[in-house]
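Visitor: What follows is work-v2.cif; its format and atoms are mmCIF, C-alpha atoms.
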data_input
loop_
_atom_site.label_atom_id
_atom_site.label_comp_id
_atom_site.auth_asym_id
_atom_site.auth_seq_id
_atom_site.Cartn_x
_atom_site.Cartn_y
_atom_site.Cartn_z
CA MET A 1 28.70 33.26 34.79
CA ALA A 2 25.61 34.87 36.13
CA THR A 3 24.90 32.06 38.56
CA GLU A 4 27.70 33.20 40.82
CA THR A 5 25.91 36.47 41.54
CA HIS A 6 22.95 34.72 43.15
CA GLY A 7 22.98 34.57 46.90
CA VAL A 8 21.50 31.11 46.78
CA ASN A 9 22.49 28.85 43.93
CA TRP A 10 19.40 26.87 42.96
CA HIS A 11 21.38 24.57 40.75
CA GLN A 12 23.74 23.52 43.46
CA GLU A 13 22.62 19.94 43.45
CA CYS A 14 23.00 19.27 39.75
CA LEU A 15 25.27 21.90 38.25
CA TYR A 16 28.74 23.23 38.75
CA ASP A 17 28.94 26.95 39.25
CA ALA A 18 30.13 27.32 35.70
CA GLY A 19 26.92 25.73 34.48
CA GLY A 20 28.22 22.29 33.55
CA ALA A 21 26.35 19.16 34.54
CA LYS A 22 27.30 17.44 37.75
CA GLY A 23 26.94 13.70 37.18
CA MET A 24 23.96 12.59 35.16
CA PRO A 25 21.36 15.32 34.54
CA GLN A 26 18.85 12.51 34.13
CA LEU A 27 19.10 11.76 37.84
CA CYS A 28 18.64 15.36 39.00
CA THR A 29 15.44 15.27 40.99
CA ASP A 30 15.22 19.08 41.07
CA TRP A 31 14.20 19.13 37.40
CA MET A 32 11.81 16.24 37.39
CA PRO A 33 8.61 18.07 38.43
CA ASN A 34 9.23 20.55 35.64
CA GLN A 35 9.71 17.80 33.06
CA VAL A 36 6.68 15.83 34.19
CA PHE A 37 4.51 18.93 34.25
CA TRP A 38 5.46 20.05 30.76
CA LEU A 39 5.20 16.49 29.47
CA ALA A 40 1.64 16.33 30.80
CA VAL A 41 0.81 19.64 29.13
CA ALA A 42 2.42 18.53 25.86
CA LEU A 43 0.64 15.18 25.83
CA VAL A 44 -2.75 16.73 26.54
CA VAL A 45 -2.28 19.35 23.80
CA LEU A 46 -1.03 16.73 21.37
CA PHE A 47 -3.84 14.34 22.21
CA VAL A 48 -6.45 17.02 21.69
CA ILE A 49 -4.93 18.04 18.35
CA LEU A 50 -4.70 14.46 17.14
CA SER A 51 -7.99 13.07 18.41
CA ARG A 52 -10.11 16.13 17.61
CA ILE A 53 -8.63 17.25 14.29
CA ALA A 54 -5.89 15.23 12.69
CA LEU A 55 -6.87 11.59 13.11
CA PRO A 56 -10.59 11.92 12.23
CA ARG A 57 -9.59 13.94 9.19
CA ILE A 58 -7.00 11.46 7.95
CA GLY A 59 -9.33 8.57 8.77
CA ALA A 60 -12.09 10.21 6.74
CA VAL A 61 -9.74 10.88 3.83
CA LEU A 62 -8.53 7.28 3.83
CA ALA A 63 -12.10 5.95 4.04
CA GLU A 64 -13.19 8.26 1.26
CA ARG A 65 -10.30 7.17 -0.90
CA LYS A 66 -11.08 3.53 -0.21
CA GLY A 67 -14.69 4.19 -1.15
CA THR A 68 -13.67 5.97 -4.33
CA ILE A 69 -11.34 3.16 -5.29
CA THR A 70 -14.00 0.55 -4.56
CA ASN A 71 -16.53 2.50 -6.62
CA ASP A 72 -14.09 2.92 -9.46
CA LEU A 73 -13.29 -0.77 -9.41
CA ALA A 74 -17.00 -1.59 -9.42
CA ALA A 75 -17.53 0.80 -12.32
CA ALA A 76 -14.61 -0.75 -14.15
CA GLU A 77 -16.05 -4.21 -13.55
CA GLU A 78 -19.39 -3.04 -14.90
CA LEU A 79 -17.77 -1.54 -17.97
CA LYS A 80 -15.86 -4.75 -18.49
CA LEU A 81 -19.10 -6.72 -18.37
CA LYS A 82 -20.64 -4.27 -20.82
CA ALA A 83 -17.65 -4.66 -23.11
CA LEU A 84 -17.98 -8.43 -22.92
CA GLU A 85 -21.68 -8.13 -23.72
CA ALA A 86 -20.93 -5.86 -26.64
CA GLU A 87 -18.35 -8.33 -27.88
CA LYS A 88 -20.87 -11.14 -27.57
CA ALA A 89 -23.46 -9.12 -29.45
CA TYR A 90 -20.90 -8.32 -32.09
CA ASN A 91 -19.97 -11.98 -32.46
CA GLU A 92 -23.62 -12.92 -32.66
CA ALA A 93 -24.25 -10.30 -35.28
CA LEU A 94 -21.21 -11.51 -37.17
CA ALA A 95 -22.42 -15.11 -37.01
CA THR A 96 -25.92 -14.05 -38.14
CA ALA A 97 -24.44 -12.06 -40.97
CA ARG A 98 -22.30 -15.01 -41.98
CA THR A 99 -25.29 -17.35 -41.98
CA GLU A 100 -27.31 -14.87 -43.98
CA ALA A 101 -24.48 -14.40 -46.42
CA ALA A 102 -24.19 -18.15 -46.78
CA LYS A 103 -27.95 -18.33 -47.39
CA ILE A 104 -27.76 -15.59 -49.99
CA ILE A 105 -24.85 -17.30 -51.63
CA ALA A 106 -26.73 -20.60 -51.64
CA ALA A 107 -29.84 -18.91 -53.07
CA ALA A 108 -27.78 -17.18 -55.70
CA LYS A 109 -26.07 -20.44 -56.53
CA ALA A 110 -29.46 -22.20 -56.77
CA ASP A 111 -30.78 -19.43 -59.03
CA ILE A 112 -27.76 -19.61 -61.24
CA GLN A 113 -27.99 -23.39 -61.27
CA LYS A 114 -31.64 -23.13 -62.24
CA ASP A 115 -30.91 -20.67 -64.99
CA LEU A 116 -28.04 -22.80 -66.09
CA ASP A 117 -30.17 -25.93 -66.04
CA GLN A 118 -32.88 -24.15 -67.98
CA ALA A 119 -30.41 -22.87 -70.47
CA THR A 120 -28.78 -26.25 -70.71
CA ALA A 121 -32.16 -27.93 -71.18
CA LYS A 122 -33.12 -25.39 -73.78
CA ALA A 123 -29.85 -25.81 -75.55
CA ASP A 124 -30.18 -29.57 -75.33
CA ALA A 125 -33.69 -29.40 -76.75
CA GLU A 126 -32.52 -27.15 -79.50
CA ILE A 127 -29.61 -29.41 -80.25
CA THR A 128 -31.90 -32.43 -80.26
CA ALA A 129 -34.31 -30.61 -82.55
CA ARG A 130 -31.52 -29.62 -84.86
CA VAL A 131 -30.10 -33.11 -84.82
CA THR A 132 -33.51 -34.54 -85.65
CA GLU A 133 -33.96 -32.02 -88.30
CA SER A 134 -30.53 -32.69 -89.71
CA GLU A 135 -31.05 -36.39 -89.54
CA ALA A 136 -34.35 -35.96 -91.37
CA LYS A 137 -32.60 -33.88 -93.91
CA ILE A 138 -29.82 -36.37 -94.22
CA ALA A 139 -32.36 -39.15 -94.56
CA GLU A 140 -34.18 -37.15 -97.15
CA ILE A 141 -30.98 -36.46 -98.98
CA ARG A 142 -30.00 -40.08 -98.69
CA ALA A 143 -33.42 -41.13 -99.94
CA GLY A 144 -33.15 -38.63 -102.75
CA ALA A 145 -29.73 -39.96 -103.60
CA GLU A 146 -30.91 -43.55 -103.57
CA GLU A 147 -33.80 -42.64 -105.80
CA ALA A 148 -31.46 -40.81 -108.11
CA VAL A 149 -29.10 -43.78 -108.10
CA GLN A 150 -32.01 -46.07 -108.84
CA ALA A 151 -33.22 -43.81 -111.61
CA VAL A 152 -29.73 -43.45 -113.03
CA ALA A 153 -29.17 -47.18 -112.74
CA LYS A 154 -32.47 -47.99 -114.44
CA ASP A 155 -31.84 -45.52 -117.18
CA THR A 156 -28.26 -46.70 -117.58
CA ALA A 157 -29.34 -50.31 -117.50
CA LYS A 158 -32.10 -49.68 -120.08
CA GLU A 159 -29.72 -47.83 -122.29
CA LEU A 160 -27.08 -50.51 -121.86
CA VAL A 161 -29.60 -53.24 -122.62
CA SER A 162 -30.89 -51.44 -125.66
CA ALA A 163 -27.37 -50.55 -126.76
CA LEU A 164 -26.41 -54.17 -126.51
CA GLY A 165 -29.35 -54.91 -128.72
CA GLY A 166 -31.57 -56.44 -126.27
CA ALA A 167 -35.05 -55.50 -125.77
CA ALA A 168 -35.88 -55.08 -122.27
CA ASP A 169 -39.13 -54.23 -120.79
CA ALA A 170 -38.99 -51.67 -118.08
CA ARG A 171 -40.49 -53.89 -115.36
CA SER A 172 -37.90 -56.64 -115.44
CA VAL A 173 -35.06 -54.12 -115.56
CA THR A 174 -36.39 -52.32 -112.55
CA ALA A 175 -36.81 -55.56 -110.66
CA ALA A 176 -33.28 -56.65 -111.46
CA ILE A 177 -31.84 -53.34 -110.43
CA ASN A 178 -33.82 -53.30 -107.21
CA ALA A 179 -32.56 -56.80 -106.45
CA ARG A 180 -29.02 -55.72 -107.13
CA LEU A 181 -29.25 -52.59 -105.06
CA LYS A 182 -30.59 -54.50 -102.12
CA GLY A 183 -27.88 -57.08 -102.39
CA MET B 1 22.93 29.33 25.37
CA ALA B 2 24.37 25.89 25.82
CA ALA B 3 27.66 26.78 24.24
CA GLU B 4 28.28 29.81 26.46
CA SER B 5 27.88 28.00 29.72
CA THR B 6 30.32 25.23 28.85
CA THR B 7 33.11 27.24 27.26
CA ALA B 8 34.09 28.73 30.58
CA GLU B 9 35.63 25.46 31.66
CA GLY B 10 36.54 24.27 28.16
CA ALA B 11 38.75 27.30 27.62
CA SER B 12 41.23 26.14 30.22
CA GLY B 13 42.08 23.02 28.25
CA PHE B 14 40.82 20.06 26.34
CA ALA B 15 37.62 18.86 27.92
CA ILE B 16 34.54 17.05 26.70
CA HIS B 17 31.26 17.52 28.51
CA PRO B 18 28.98 14.95 26.95
CA MET B 19 26.35 15.35 29.66
CA ASP B 20 25.95 19.14 29.45
CA GLN B 21 23.51 18.75 26.57
CA PHE B 22 21.03 17.15 28.95
CA VAL B 23 20.91 20.05 31.40
CA VAL B 24 17.46 21.49 31.98
CA LYS B 25 17.61 25.31 31.83
CA PRO B 26 15.03 28.04 32.25
CA LEU B 27 14.25 29.74 28.96
CA PHE B 28 14.13 33.21 30.51
CA GLY B 29 16.58 34.46 33.09
CA ASP B 30 18.60 32.27 35.33
CA GLY B 31 16.30 31.44 38.22
CA PRO B 32 15.43 28.14 39.79
CA VAL B 33 13.68 25.42 37.81
CA ASN B 34 10.27 25.22 39.43
CA TRP B 35 7.62 22.82 38.17
CA TYR B 36 5.94 25.61 36.19
CA THR B 37 9.11 27.30 34.86
CA PRO B 38 9.25 27.42 31.04
CA THR B 39 12.47 25.57 30.28
CA ASN B 40 14.18 24.03 27.29
CA VAL B 41 11.93 21.04 28.00
CA THR B 42 8.93 23.28 27.31
CA LEU B 43 10.57 24.67 24.19
CA TRP B 44 11.42 21.36 22.56
CA MET B 45 8.16 19.68 23.48
CA GLY B 46 6.47 22.71 21.96
CA VAL B 47 8.56 22.40 18.80
CA ALA B 48 7.59 18.73 18.58
CA ILE B 49 3.90 19.65 18.88
CA ILE B 50 4.28 22.36 16.23
CA ALA B 51 6.00 19.89 13.90
CA ILE B 52 3.26 17.32 14.44
CA PHE B 53 0.62 20.00 13.98
CA ALA B 54 2.24 21.07 10.70
CA LEU B 55 2.44 17.52 9.40
CA PHE B 56 -0.91 16.22 10.60
CA VAL B 57 -3.14 19.28 10.48
CA LEU B 58 -1.69 21.83 8.07
CA ALA B 59 -0.50 19.28 5.53
CA THR B 60 -3.85 17.48 5.51
CA ARG B 61 -6.04 20.58 5.31
CA HIS B 62 -6.96 19.94 1.65
CA ARG B 63 -8.25 16.45 2.50
CA GLY B 64 -7.13 15.39 -0.94
CA ILE B 65 -8.28 12.10 -2.38
CA ILE B 66 -5.00 12.33 -4.24
CA PRO B 67 -2.66 13.30 -1.40
CA THR B 68 0.15 15.81 -1.50
CA ARG B 69 3.58 14.62 -0.43
CA MET B 70 3.22 15.80 3.14
CA GLN B 71 -0.28 14.41 3.41
CA SER B 72 1.09 11.07 2.20
CA ILE B 73 3.63 11.07 5.02
CA ALA B 74 0.90 11.76 7.58
CA GLU B 75 -1.21 8.99 6.05
CA VAL B 76 1.70 6.55 6.12
CA PHE B 77 2.19 7.14 9.85
CA TYR B 78 -1.54 6.89 10.45
CA GLY B 79 -1.80 3.63 8.55
CA PHE B 80 1.35 2.22 10.12
CA ILE B 81 0.26 2.80 13.72
CA HIS B 82 -3.37 1.95 13.02
CA ASN B 83 -2.37 -1.42 11.57
CA MET B 84 0.00 -2.01 14.45
CA VAL B 85 -2.72 -1.39 17.04
CA GLU B 86 -5.19 -3.54 15.13
CA GLU B 87 -2.79 -6.43 14.60
CA VAL B 88 -1.00 -6.45 17.93
CA ALA B 89 -3.66 -5.27 20.40
CA GLY B 90 -6.57 -6.78 18.48
CA HIS B 91 -9.78 -5.33 17.15
CA ASP B 92 -10.91 -4.14 20.57
CA GLY B 93 -7.71 -2.14 20.93
CA VAL B 94 -8.47 0.11 17.96
CA LYS B 95 -10.43 2.57 20.09
CA TYR B 96 -7.22 3.34 21.98
CA PHE B 97 -5.50 4.18 18.70
CA PRO B 98 -5.46 7.99 19.34
CA TYR B 99 -3.61 7.42 22.62
CA VAL B 100 -1.05 5.13 21.01
CA MET B 101 -0.66 7.56 18.13
CA THR B 102 -0.06 10.43 20.56
CA LEU B 103 2.67 8.46 22.31
CA PHE B 104 4.30 7.37 19.06
CA LEU B 105 4.36 10.80 17.46
CA PHE B 106 5.53 12.52 20.61
CA ILE B 107 8.42 10.09 21.07
CA LEU B 108 9.35 10.00 17.38
CA LEU B 109 9.39 13.77 17.00
CA SER B 110 11.24 14.27 20.29
CA ASN B 111 13.85 11.73 19.21
CA LEU B 112 14.28 13.30 15.78
CA LEU B 113 14.32 16.90 17.01
CA GLY B 114 16.94 15.89 19.56
CA LEU B 115 19.26 15.16 16.65
CA LEU B 116 19.30 18.79 15.59
CA PRO B 117 22.51 20.49 16.70
CA MET B 118 22.10 22.56 19.90
CA SER B 119 18.71 21.03 20.57
CA PHE B 120 17.51 19.31 23.72
CA THR B 121 16.31 15.71 23.67
CA THR B 122 13.32 15.51 25.98
CA THR B 123 13.06 11.73 25.61
CA SER B 124 16.63 11.23 26.85
CA HIS B 125 15.39 11.96 30.37
CA VAL B 126 14.18 9.11 32.50
CA ALA B 127 11.71 11.46 34.17
CA VAL B 128 9.95 11.89 30.82
CA THR B 129 10.11 8.31 29.60
CA ALA B 130 9.19 6.92 33.02
CA SER B 131 6.14 9.18 33.03
CA LEU B 132 5.20 7.87 29.60
CA ALA B 133 5.78 4.29 30.69
CA MET B 134 3.78 4.74 33.90
CA LEU B 135 1.00 6.26 31.84
CA VAL B 136 0.94 3.11 29.73
CA PHE B 137 1.27 0.83 32.73
CA LEU B 138 -1.50 2.48 34.75
CA GLY B 139 -3.67 2.94 31.69
CA VAL B 140 -3.39 -0.69 30.68
CA THR B 141 -4.02 -1.92 34.22
CA LEU B 142 -7.06 0.32 34.64
CA ILE B 143 -8.48 -0.64 31.24
CA GLY B 144 -7.89 -4.31 32.05
CA VAL B 145 -9.62 -4.09 35.43
CA ALA B 146 -12.46 -2.04 33.96
CA ARG B 147 -13.07 -4.56 31.17
CA LYS B 148 -12.46 -7.83 32.97
CA GLY B 149 -12.73 -6.98 36.65
CA LEU B 150 -10.60 -9.15 38.87
CA GLY B 151 -10.43 -11.64 35.99
CA PHE B 152 -7.71 -9.42 34.59
CA PHE B 153 -5.35 -10.70 37.27
CA SER B 154 -6.00 -14.28 36.24
CA MET B 155 -3.32 -13.78 33.60
CA PHE B 156 -0.77 -14.20 36.40
CA TRP B 157 -2.19 -17.63 37.16
CA VAL B 158 -0.84 -19.76 34.31
CA SER B 159 -3.55 -22.40 34.01
CA SER B 160 -1.67 -24.37 31.38
CA ALA B 161 1.24 -25.08 33.79
CA PRO B 162 1.33 -27.93 36.33
CA LEU B 163 -0.47 -26.98 39.54
CA ALA B 164 2.68 -27.14 41.66
CA LEU B 165 4.45 -24.62 39.44
CA ARG B 166 1.64 -22.12 39.25
CA PRO B 167 2.36 -20.18 42.47
CA ILE B 168 6.00 -19.81 41.47
CA LEU B 169 5.04 -18.76 37.97
CA ALA B 170 2.52 -16.33 39.41
CA VAL B 171 5.28 -14.64 41.42
CA ILE B 172 7.48 -14.44 38.33
CA GLU B 173 4.60 -13.13 36.21
CA ILE B 174 3.71 -10.46 38.76
CA ILE B 175 7.32 -9.34 39.07
CA SER B 176 7.70 -9.18 35.30
CA TYR B 177 4.44 -7.25 35.06
CA ILE B 178 5.58 -4.71 37.62
CA MET B 179 8.98 -4.40 35.96
CA ARG B 180 7.40 -3.54 32.63
CA PRO B 181 7.41 0.26 33.06
CA VAL B 182 11.04 0.10 34.22
CA SER B 183 12.31 -1.68 31.12
CA HIS B 184 9.86 0.25 28.95
CA SER B 185 11.22 3.61 30.06
CA ILE B 186 14.91 2.84 30.61
CA ARG B 187 15.14 1.32 27.13
CA LEU B 188 14.04 4.53 25.46
CA ALA B 189 15.90 7.00 27.64
CA GLY B 190 19.04 4.84 27.76
CA ASN B 191 19.25 4.49 23.99
CA LEU B 192 18.93 8.19 23.41
CA LEU B 193 21.17 9.20 26.29
CA ALA B 194 23.93 6.86 25.17
CA GLY B 195 23.67 7.82 21.52
CA HIS B 196 23.76 11.55 22.16
CA ALA B 197 26.59 11.25 24.69
CA VAL B 198 28.69 9.20 22.24
CA LEU B 199 27.95 11.71 19.52
CA LYS B 200 29.15 14.49 21.78
CA VAL B 201 32.32 12.59 22.65
CA PHE B 202 33.14 12.09 18.97
CA ALA B 203 32.39 15.75 18.31
CA GLY B 204 34.70 16.67 21.21
CA PHE B 205 37.56 14.67 19.78
CA ALA B 206 37.09 16.45 16.46
CA SER B 207 38.92 19.42 17.99
CA MET B 208 42.14 17.39 18.16
CA ALA B 209 43.75 17.86 14.75
CA ILE B 210 45.40 14.42 14.57
CA ILE B 211 42.31 12.34 15.04
CA SER B 212 39.72 14.81 13.84
CA PRO B 213 39.05 13.08 10.47
CA LEU B 214 38.42 9.84 12.31
CA ALA B 215 36.30 11.59 14.92
CA ILE B 216 34.22 13.40 12.32
CA ALA B 217 33.71 10.18 10.35
CA GLY B 218 32.73 8.49 13.59
CA ALA B 219 30.32 11.29 14.47
CA VAL B 220 28.70 11.04 11.03
CA GLY B 221 28.34 7.28 11.42
CA ILE B 222 26.90 7.60 14.93
CA TYR B 223 24.54 10.29 13.71
CA ALA B 224 23.21 7.99 10.99
CA LEU B 225 22.81 5.27 13.57
CA GLU B 226 21.00 7.67 15.87
CA VAL B 227 18.50 8.56 13.15
CA LEU B 228 17.75 4.85 12.93
CA VAL B 229 17.59 4.56 16.71
CA ALA B 230 15.14 7.50 16.84
CA PHE B 231 12.71 5.59 14.63
CA VAL B 232 13.36 2.17 16.10
CA GLN B 233 12.94 3.26 19.71
CA ALA B 234 9.71 5.10 18.95
CA TYR B 235 8.54 1.97 17.18
CA VAL B 236 9.62 -0.33 20.02
CA PHE B 237 7.94 1.81 22.67
CA THR B 238 4.74 1.89 20.64
CA ILE B 239 4.62 -1.80 19.79
CA LEU B 240 5.27 -2.70 23.44
CA THR B 241 2.40 -0.41 24.39
CA CYS B 242 0.23 -2.37 21.97
CA VAL B 243 1.45 -5.68 23.40
CA TYR B 244 0.58 -4.54 26.92
CA LEU B 245 -2.74 -3.22 25.69
CA LYS B 246 -3.54 -6.65 24.32
CA ASP B 247 -3.39 -8.05 27.86
CA ALA B 248 -6.09 -5.59 28.86
CA VAL B 249 -8.40 -5.82 25.86
CA GLY B 250 -7.58 -9.16 24.23
CA ASP B 251 -8.81 -12.64 25.07
CA ALA B 252 -7.97 -13.61 28.63
CA HIS B 253 -5.50 -16.43 28.01
CA HIS B 254 -2.16 -16.28 26.33
#
What's the structure tokens form of this structure?
Guide:
Amino acid sequence: MATETHGVNWHQECLYDAGGAKGMPQLCTDWMPNQVFWLAVALVVLFVILSRIALPRIGAVLAERKGTITNDLAAAEELKLKALEAEKAYNEALATARTEAAKIIAAAKADIQKDLDQATAKADAEITARVTESEAKIAEIRAGAEEAVQAVAKDTAKELVSALGGAADARSVTAAINARLKG
Amino acid sequence: MAAESTTAEGASGFAIHPMDQFVVKPLFGDGPVNWYTPTNVTLWMGVAIIAIFALFVLATRHRGIIPTRMQSIAEVFYGFIHNMVEEVAGHDGVKYFPYVMTLFLFILLSNLLGLLPMSFTTTSHVAVTASLAMLVFLGVTLIGVARKGLGFFSMFWVSSAPLALRPILAVIEIISYIMRPVSHSIRLAGNLLAGHAVLKVFAGFASMAIISPLAIAGAVGIYALEVLVAFVQAYVFTILTCVYLKDAVGDAHH
């Protein structure tokens, strides 16, 4: 290896000439300043990158996202309330419509009932009139019939009396017949 | 580069070098590793930063209310760590969120990139994790003193314990406080070091024909475990940071 060509071997303490580690490289004090120096550089660079660029950016993104989500949730809540309101309004409208329909139905029913009652009354009146009329007619007919029967009976009785040879005056015959008919 | 330097010895016979993957090497030439030398540490930390940049800056450039897939991933990490800081460290800890996020992403990406074949795991080195842990330790202590003054140290004086026990408890509390960065850093580096070394050992045994199926199956299993460990250790390091932060920013008594 190249190390053998050096007049002074700088790695003497920690390395074999072939380049292998002598003992634990972790305990080699020759390398420690180098490690600590570069660690310091690395940490400073990393800290600057993180604290100046990366972390504020990610923090802002997360905050923005949180804000967006909160806003969206609020908007959703609002829309939900609106939907509930709309549903309420719909239900109210439905109830109103139902009541109105019931009213209209009741009014229609009342109208029909009125018409019906009127018609019924009219019909009743007509029927009554007809009945009266008919009864009058019947009475008339009956009266006519009675008169006819009386007349026929008188005539028949007169004829029968005369045929049997009796002489009958009209007044007594009529009286007898009337008495008979009543009895 | 890594393969070349190890084959010289490996050619002579069967040999596994599980620790060679942790060697720090200059990127250019073969000189000494000075503190400023660009090395594989530089390279893989740079790759981690590029990956984080791609995920957190390029993928979020549309700032979409409806995120793209990559933006979602970035947001998931953001939300995950942000919640962790808020819940564990308390509301006052949230302003330290960028620091915690930096630590988490750096460790997570370093752990994950270390699982790529031929890569270098920067977080498997105690020097790196101890620096991170000391950063947390010093940061938390300074924040605590700045916010509460000397009252910050009253947390070592357990007022709910009997008076006689308090000095002893104070000693224990102080020792445990000082040991925090040790456990904090060794946990992370140790997990990754052990996992990668075991993986390398299994991979080494795969060259022996008789046991290679077993070794390969083992390597696959360990690899899956290591992916889990990469996430879990990044998580553990971060949540412990938040727990420590709570001492500094939270209510005084616990």
Visitor: Produce a table with one row for each residue of chain B that has an atom at most 8 Å from any atom of chain A, each row naming the nearest atom pair and its distance in Å at one decimal; use all atoms listed in the file; arrange rows by chain and rising residue number; format as a tab-separated table.
Guide:
residue	atom	partner	partner_atom	distance
B:Ser5	CA	A:Gly19	CA	5.4
B:Thr6	CA	A:Gly20	CA	5.9
B:Ala8	CA	A:Ala18	CA	6.6
B:Glu9	CA	A:Ala18	CA	7.1
B:His17	CA	A:Gly20	CA	7.6
B:Met19	CA	A:Ala21	CA	6.2
B:Asp20	CA	A:Ala21	CA	5.1
B:Phe22	CA	A:Pro25	CA	5.9
B:Val23	CA	A:Pro25	CA	5.7
B:Val24	CA	A:Trp31	CA	6.8
B:Asp30	CA	A:Thr3	CA	7.1
B:Gly31	CA	A:Trp10	CA	7.3
B:Pro32	CA	A:Trp10	CA	5.2
B:Val33	CA	A:Trp31	CA	6.3
B:Asn34	CA	A:Asn34	CA	6.1
B:Trp35	CA	A:Asn34	CA	3.8
B:Tyr36	CA	A:Asn34	CA	6.1
B:Thr37	CA	A:Asn34	CA	6.8
B:Val41	CA	A:Gln35	CA	6.4
B:Thr42	CA	A:Trp38	CA	5.9
B:Met45	CA	A:Ala42	CA	6.3
B:Gly46	CA	A:Ala42	CA	7.0
B:Ile49	CA	A:Leu46	CA	6.2
B:Phe53	CA	A:Ile49	CA	7.3
B:Phe56	CA	A:Ala54	CA	5.5
B:Val57	CA	A:Ala54	CA	5.4
B:Thr60	CA	A:Ile58	CA	7.2
B:Arg63	CA	A:Val61	CA	5.9
B:Gly64	CA	A:Val61	CA	7.1
B:Ile65	CA	A:Arg65	CA	5.5
B:Ala74	CA	A:Ile58	CA	7.9
B:Glu75	CA	A:Ile58	CA	6.6
B:Tyr78	CA	A:Ile58	CA	7.5
B:Pro98	CA	A:Ser51	CA	5.8
B:Tyr99	CA	A:Phe47	CA	6.9
B:Thr102	CA	A:Phe47	CA	5.7
B:Leu103	CA	A:Leu43	CA	7.9
B:Phe106	CA	A:Leu43	CA	7.6
B:Ser124	CA	A:Gln26	CA	7.7
B:His125	CA	A:Gln26	CA	5.1
B:Val126	CA	A:Gln26	CA	6.0
B:Ala127	CA	A:Met32	CA	5.8
B:Val128	CA	A:Val36	CA	6.1
B:Ser131	CA	A:Val36	CA	6.8
Visitor: Write the residues you've just listed into a file as an mmCIF file, in the coordinates of the input, and include C-alpha atoms for each of them.
Guide:
data_model
loop_
_atom_site.group_PDB
_atom_site.id
_atom_site.type_symbol
_atom_site.label_atom_id
_atom_site.label_comp_id
_atom_site.auth_asym_id
_atom_site.auth_seq_id
_atom_site.Cartn_x
_atom_site.Cartn_y
_atom_site.Cartn_z
ATOM 1 C CA SER B 5 27.880 28.000 29.720
ATOM 2 C CA THR B 6 30.320 25.230 28.850
ATOM 3 C CA ALA B 8 34.090 28.730 30.580
ATOM 4 C CA GLU B 9 35.630 25.460 31.660
ATOM 5 C CA HIS B 17 31.260 17.520 28.510
ATOM 6 C CA MET B 19 26.350 15.350 29.660
ATOM 7 C CA ASP B 20 25.950 19.140 29.450
ATOM 8 C CA PHE B 22 21.030 17.150 28.950
ATOM 9 C CA VAL B 23 20.910 20.050 31.400
ATOM 10 C CA VAL B 24 17.460 21.490 31.980
ATOM 11 C CA ASP B 30 18.600 32.270 35.330
ATOM 12 C CA GLY B 31 16.300 31.440 38.220
ATOM 13 C CA PRO B 32 15.430 28.140 39.790
ATOM 14 C CA VAL B 33 13.680 25.420 37.810
ATOM 15 C CA ASN B 34 10.270 25.220 39.430
ATOM 16 C CA TRP B 35 7.620 22.820 38.170
ATOM 17 C CA TYR B 36 5.940 25.610 36.190
ATOM 18 C CA THR B 37 9.110 27.300 34.860
ATOM 19 C CA VAL B 41 11.930 21.040 28.000
ATOM 20 C CA THR B 42 8.930 23.280 27.310
ATOM 21 C CA MET B 45 8.160 19.680 23.480
ATOM 22 C CA GLY B 46 6.470 22.710 21.960
ATOM 23 C CA ILE B 49 3.900 19.650 18.880
ATOM 24 C CA PHE B 53 0.620 20.000 13.980
ATOM 25 C CA PHE B 56 -0.910 16.220 10.600
ATOM 26 C CA VAL B 57 -3.140 19.280 10.480
ATOM 27 C CA THR B 60 -3.850 17.480 5.510
ATOM 28 C CA ARG B 63 -8.250 16.450 2.500
ATOM 29 C CA GLY B 64 -7.130 15.390 -0.940
ATOM 30 C CA ILE B 65 -8.280 12.100 -2.380
ATOM 31 C CA ALA B 74 0.900 11.760 7.580
ATOM 32 C CA GLU B 75 -1.210 8.990 6.050
ATOM 33 C CA TYR B 78 -1.540 6.890 10.450
ATOM 34 C CA PRO B 98 -5.460 7.990 19.340
ATOM 35 C CA TYR B 99 -3.610 7.420 22.620
ATOM 36 C CA THR B 102 -0.060 10.430 20.560
ATOM 37 C CA LEU B 103 2.670 8.460 22.310
ATOM 38 C CA PHE B 106 5.530 12.520 20.610
ATOM 39 C CA SER B 124 16.630 11.230 26.850
ATOM 40 C CA HIS B 125 15.390 11.960 30.370
ATOM 41 C CA VAL B 126 14.180 9.110 32.500
ATOM 42 C CA ALA B 127 11.710 11.460 34.170
ATOM 43 C CA VAL B 128 9.950 11.890 30.820
ATOM 44 C CA SER B 131 6.140 9.180 33.030
#
Visitor: Between atom CA of B:Val145 and atom CA of B:Asp92, what is the spacing in Å?
Guide: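 Those two atoms sit 14.9 Å apart.
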Visitor: So the first atom is atom CA of B:Thr121 and the second is atom CA of B:Leu199; what is the distance between them in Å, to one decimal place?
Guide: 13.0 Å
Visitor: Give the answer as one residue: which of B:Ala146, B:Leu165, B:Val140, B:Met134 has the shortest atom-to-atom distance to B:Met179, using only C-alpha atoms?
Guide: B:Met134
Visitor: When the PyMOL selection byres ((chain B and resi 190) around 12) is applied to the file above, which residues end up in the set, as a ChimeraX atom specification?
Guide: /A:24,26 /B:121,123-130,182-189,191-198,229-230,233
Visitor: Please check which residues have atoms at most 6 Å from (1.1, -19.0, 35.8) in the file's coordinates, counting only C-alpha atoms, and write them as a list in words.
Guide: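 The residues that fall inside the cut-off are Phe156, Trp157, Val158, Arg166, Leu169 and Ala170 of chain B.
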Visitor: Mind pulling up the distance from atom CA of B:Ile66 to atom CA of A:Asn71?
Guide: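 So the two atoms, atom CA of A:Asn71 and atom CA of B:Ile66, lie 15.3 Å apart.
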